[in-house]
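Peer 1: One structure, as structure tokens, below. Some questions next.
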Amino acid sequence: MAITNGTEVEAVDALASSYKTLRKEISKVIVGQDKVVEAVIISLFSNGHSLLVGVPGLAKTLLVSTIAEVLDLDFKRIQFTPDLMPSDITGSEVLGENRQFKFNKGPLFSNIVLADEINRTPPKTQAALLEAMQERQITSGGRFYKLDTPFFVLATQNPIEQEGTYPLPEAQLDRFMFNIPLDYPSYDEELQVVKATTGVKKEELKHILNAEQILQYQELIRKIPITDNVLEYAVSTVSKTRPGTEKADPVVNEFIGWGAGPRASQYLVLGAKCHAAIHGKYAPDIEDVQAVAKNVLRHRIVRNFKAEAEGMTEDQIIDQLL
């Protein structure tokens, strides 16, 4: 089963072509990190949010601002700190010149929001961001304000410094479509980075897509058909992560305390559809599900004490499930 409508076939071809052009343009500034760039673009086209996990200095902010520029989208960066209040990110009511209250929009009113070091801010402010992510709106003074579309949150987390942080609870982590780890560049990539960033040359980036085209692509991804066996594989993979249930895998019963919920199945399917489309396929197969599985599942499974004691990582457990 695949897309047969001529215009939709052309649309998938256009998406695959746009993706190649995007990658080429982004690579002018971002060296390497191919899997990371692919994952961020997949989550954007799937209308999901992403959590980037990596040590400082791996160009997380540069990656997000570069993607925002080539997509011709409005971009705001919020540095999360322990004293940040919900109104600092959502906006607040202020008394105007005519003695009437008016709403001053905060930085969440943007297409792409970079939430830098999200685990440095207290739960109250995290919750305000997460309402915006889920509902695509914010509440202030008892009134609702719709956010701009497309709306995409990229949050970053530093995995090594845990002093003075407020780790995101599992229910809040579940709001993120992907958890994307960033690793150090290779020696050759680092040489390229240092050469490019210590000279005077500055790359000029072209705008490849606009907001309207991105919204059309987000709608297209949902229209891509999926065969029953691929759908069942995705749901079955998520079911295997739940210890003590009928479908639980033996490795899960041994090493996992808590498994992934239904949102993981939804994101596995959407991610697989988008992964297929950007690589020029008109319907996803099992390989597409496997390609996005780690990013979808690694922050949705909770290891037990035995897994931590034996050094079993989330990725190793997911590998065994697949």
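Letters A, B, ... mark the chains of the structure tokens in the order given; residue numbers begin at 1 per chain; ligand numbers begin at 1, in order shown.
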With 9 Å as the cut-off and only C-alpha atoms counted, what is the closest atom pair between each nearby residue of segment 114-211 of chain A and segment 249-272 of chain A? Distances in Å to one decimal, ordered by chain and number, as CSV.
Peer 2:
```
residue,atom,partner,partner_atom,distance
A:Asp174,CA,A:Arg263,CA,7.5
A:Arg175,CA,A:Arg263,CA,8.5
A:Met177,CA,A:Tyr267,CA,6.1
A:Phe178,CA,A:Tyr267,CA,8.4
```
Peer 1: Go ahead and save the picked residues with C-alpha atoms, as a CSV table (one decimal), in the first residue's frame.
Peer 2:
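Written file, part39.csv:
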```csv
chain,number,residue,atom,x,y,z
A,174,ASP,CA,6.6,12.2,27.5
A,175,ARG,CA,5.7,15.5,25.8
A,177,MET,CA,8.6,13.4,20.5
A,178,PHE,CA,12.4,12.7,20.4
```
Peer 1: Among segment 69-292 of chain A, which residues does DSSP mark as strand (DSSP E) when it is run on the backbone? Keep the chain and numbering as in the structure and answer as a PyMOL selection string.
Peer 2: chain A and resi 75-79+91-95+101-105+112-116+137-140+143-146+152-157+178-181+256-258
Peer 1: Take the residues from that selection and put them in a file with C-alpha atoms, as an mmCIF file, in the first residue's frame.
Peer 2:
```
data_model
loop_
_atom_site.group_PDB
_atom_site.id
_atom_site.type_symbol
_atom_site.label_atom_id
_atom_site.label_comp_id
_atom_site.auth_asym_id
_atom_site.auth_seq_id
_atom_site.Cartn_x
_atom_site.Cartn_y
_atom_site.Cartn_z
ATOM 1 C CA PHE A 75 13.270 32.012 16.448
ATOM 2 C CA LYS A 76 13.603 32.818 20.166
ATOM 3 C CA ARG A 77 16.059 31.479 22.725
ATOM 4 C CA ILE A 78 15.169 31.279 26.425
ATOM 5 C CA GLN A 79 17.992 30.681 28.916
ATOM 6 C CA GLY A 91 4.095 37.025 28.809
ATOM 7 C CA SER A 92 2.082 39.077 31.287
ATOM 8 C CA GLU A 93 -0.697 41.641 31.678
ATOM 9 C CA VAL A 94 0.580 45.237 31.901
ATOM 10 C CA LEU A 95 -1.283 48.465 32.544
ATOM 11 C CA PHE A 101 -4.636 46.041 30.911
ATOM 12 C CA LYS A 102 -3.053 44.624 27.791
ATOM 13 C CA PHE A 103 -1.164 41.381 27.264
ATOM 14 C CA ASN A 104 2.537 41.614 26.478
ATOM 15 C CA LYS A 105 3.564 38.475 24.622
ATOM 16 C CA ILE A 112 10.918 27.818 17.041
ATOM 17 C CA VAL A 113 11.711 28.169 20.744
ATOM 18 C CA LEU A 114 15.047 27.011 22.120
ATOM 19 C CA ALA A 115 14.598 26.177 25.816
ATOM 20 C CA ASP A 116 18.232 26.167 26.898
ATOM 21 C CA GLN A 137 -1.703 27.884 23.663
ATOM 22 C CA ILE A 138 -0.950 29.675 26.921
ATOM 23 C CA THR A 139 -3.221 30.891 29.722
ATOM 24 C CA SER A 140 -2.783 34.319 31.325
ATOM 25 C CA ARG A 143 -7.682 34.118 29.017
ATOM 26 C CA PHE A 144 -6.309 31.781 26.349
ATOM 27 C CA TYR A 145 -3.825 32.944 23.734
ATOM 28 C CA LYS A 146 -3.104 30.788 20.675
ATOM 29 C CA PHE A 152 8.264 23.797 17.767
ATOM 30 C CA VAL A 153 10.176 23.548 21.065
ATOM 31 C CA LEU A 154 13.764 22.352 21.149
ATOM 32 C CA ALA A 155 14.926 21.940 24.734
ATOM 33 C CA THR A 156 18.512 21.235 25.751
ATOM 34 C CA GLN A 157 19.811 19.415 28.787
ATOM 35 C CA PHE A 178 12.366 12.699 20.422
ATOM 36 C CA ASN A 179 15.236 12.532 22.889
ATOM 37 C CA ILE A 180 18.326 13.214 20.742
ATOM 38 C CA PRO A 181 21.821 12.627 22.186
ATOM 39 C CA ILE A 256 12.919 -1.897 33.314
ATOM 40 C CA GLY A 257 10.842 -0.427 36.136
ATOM 41 C CA TRP A 258 8.364 1.442 33.941
#
```
Peer 1: Name the closest residue to Ala234 of chain A among the candidates A:Glu204, A:Glu170, A:Asp188, A:Asp285; distances are taken between atoms, counting only C-alpha atoms.
Peer 2: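 Among A:Glu204, A:Glu170, A:Asp188, A:Asp285, it is A:Asp285 that comes nearest to Ala234 of chain A.
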Peer 1: Between A:Val31, A:Leu44, A:Gly141, A:Arg136, which one has atoms that come closest to Leu191 of chain A, using only C-alpha atoms?
Peer 2: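 When distances to Leu191 of chain A are compared using only C-alpha atoms, the smallest one comes from A:Val31.
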Peer 1: Figure out the distance between atom CA of Leu51 of chain A and atom CA of Phe109 of chain A, please, to one decimal in Å.
Peer 2: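 Separating atom CA of Phe109 of chain A from atom CA of Leu51 of chain A is a distance of 19.2 Å.
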Peer 1: Would you kindly return, as a list in words, each protein, DNA or RNA residue with an atom no farther than 12 Å from any atom of Gln192 of chain A, considering only C-alpha atoms and excluding same-chain residues fewer than 4 positions away?
Peer 2: Ser27, Lys28, Val29, Ile30, Val31, Gly32, Pro185, Ser186, Tyr187, Asp188, Ala196, Thr197, Thr198 and Gly199 of chain A
Peer 1: Do you have the atom CA of Ala283 of chain A-atom CA of Val9 of chain A distance handy?
Peer 2: 10.6 Å
Peer 1: Which residue out of A:Thr66, A:Asn229, A:Ser46, A:Thr245 has the minimum interatomic distance to Arg23 of chain A when only C-alpha atoms are used?
Peer 2: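 Distance minimum relative to Arg23 of chain A lands on A:Thr66.
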Peer 1: I'd like to know which of A:Pro122, A:Pro169, A:Gly54, A:Gly106 is closest to Phe80 of chain A, using only C-alpha atoms.
Peer 2: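 Selected residue with least distance to Phe80 of chain A: A:Pro122.
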Peer 1: So that I can see what lies close to Leu63 of chain A, please list as a short mmCIF file (atom, residue, chain, number, x, y, z; two decimals) with N, CA and C atoms, in the first residue's frame the residues with an atom at most 10 Å from it, counting only C-alpha atoms and leaving out residues fewer than 2 positions away in the same chain.
Peer 2:
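Final output, out34.cif:
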```cif
data_model
loop_
_atom_site.label_atom_id
_atom_site.label_comp_id
_atom_site.auth_asym_id
_atom_site.auth_seq_id
_atom_site.Cartn_x
_atom_site.Cartn_y
_atom_site.Cartn_z
N ILE A 26 22.16 23.50 5.65
CA ILE A 26 22.55 23.42 7.07
C ILE A 26 24.01 23.01 7.21
N SER A 27 24.49 22.15 6.30
CA SER A 27 25.87 21.67 6.39
C SER A 27 26.90 22.76 6.11
N VAL A 29 26.99 25.39 7.79
CA VAL A 29 27.31 25.90 9.14
C VAL A 29 27.58 24.78 10.13
N ILE A 30 26.77 23.73 10.07
CA ILE A 30 26.89 22.61 11.02
C ILE A 30 27.70 21.49 10.39
N VAL A 31 28.84 21.18 11.00
CA VAL A 31 29.71 20.12 10.48
C VAL A 31 29.34 18.80 11.15
N GLN A 33 27.21 15.74 12.65
CA GLN A 33 25.92 15.67 13.38
C GLN A 33 24.77 15.30 12.45
N VAL A 36 21.66 13.83 14.08
CA VAL A 36 20.97 14.83 14.92
C VAL A 36 20.13 15.76 14.04
N VAL A 37 20.73 16.25 12.95
CA VAL A 37 20.01 17.15 12.03
C VAL A 37 18.80 16.43 11.45
N VAL A 40 16.02 16.15 14.12
CA VAL A 40 15.35 17.44 14.40
C VAL A 40 14.37 17.78 13.27
N LEU A 58 28.63 21.83 22.02
CA LEU A 58 28.43 20.95 20.87
C LEU A 58 27.52 21.58 19.82
N ALA A 59 27.39 22.89 19.85
CA ALA A 59 26.66 23.67 18.83
C ALA A 59 25.16 23.41 18.82
N LYS A 60 24.58 23.15 20.02
CA LYS A 60 23.13 22.92 20.08
C LYS A 60 22.37 24.19 19.69
N THR A 61 22.79 25.33 20.26
CA THR A 61 22.11 26.60 19.96
C THR A 61 22.31 26.98 18.50
N SER A 65 19.33 27.67 15.68
CA SER A 65 19.21 28.96 14.99
C SER A 65 19.44 28.81 13.49
N THR A 66 20.33 27.88 13.10
CA THR A 66 20.58 27.63 11.67
C THR A 66 19.34 27.04 11.00
N ILE A 67 18.71 26.05 11.67
CA ILE A 67 17.50 25.44 11.13
C ILE A 67 16.38 26.48 11.00
N ALA A 68 16.26 27.34 12.03
CA ALA A 68 15.23 28.39 11.99
C ALA A 68 15.46 29.33 10.81
N GLU A 69 16.74 29.62 10.54
CA GLU A 69 17.05 30.56 9.45
C GLU A 69 16.75 29.96 8.08
#
```
Peer 1: Can you work out the spacing between atom CA of His279 of chain A and atom CA of Ile317 of chain A in Å, to one decimal?
Peer 2: 27.2 Å
Peer 1: Using only C-alpha atoms, find the one residue out of A:Arg242, A:Lys223, A:Lys281, A:Lys273 that sits nearest to Arg300 of chain A.
Peer 2: A:Arg242
Peer 1: Near Pro284 of chain A, counting only C-alpha atoms, which residues have an atom at most 9 Å away, once you skip same-chain residues fewer than 2 positions from it, shown as an MDAnalysis selection string?
Peer 2: chainID A and resid 2 224:227 230 269 272:277 281:282 286:289
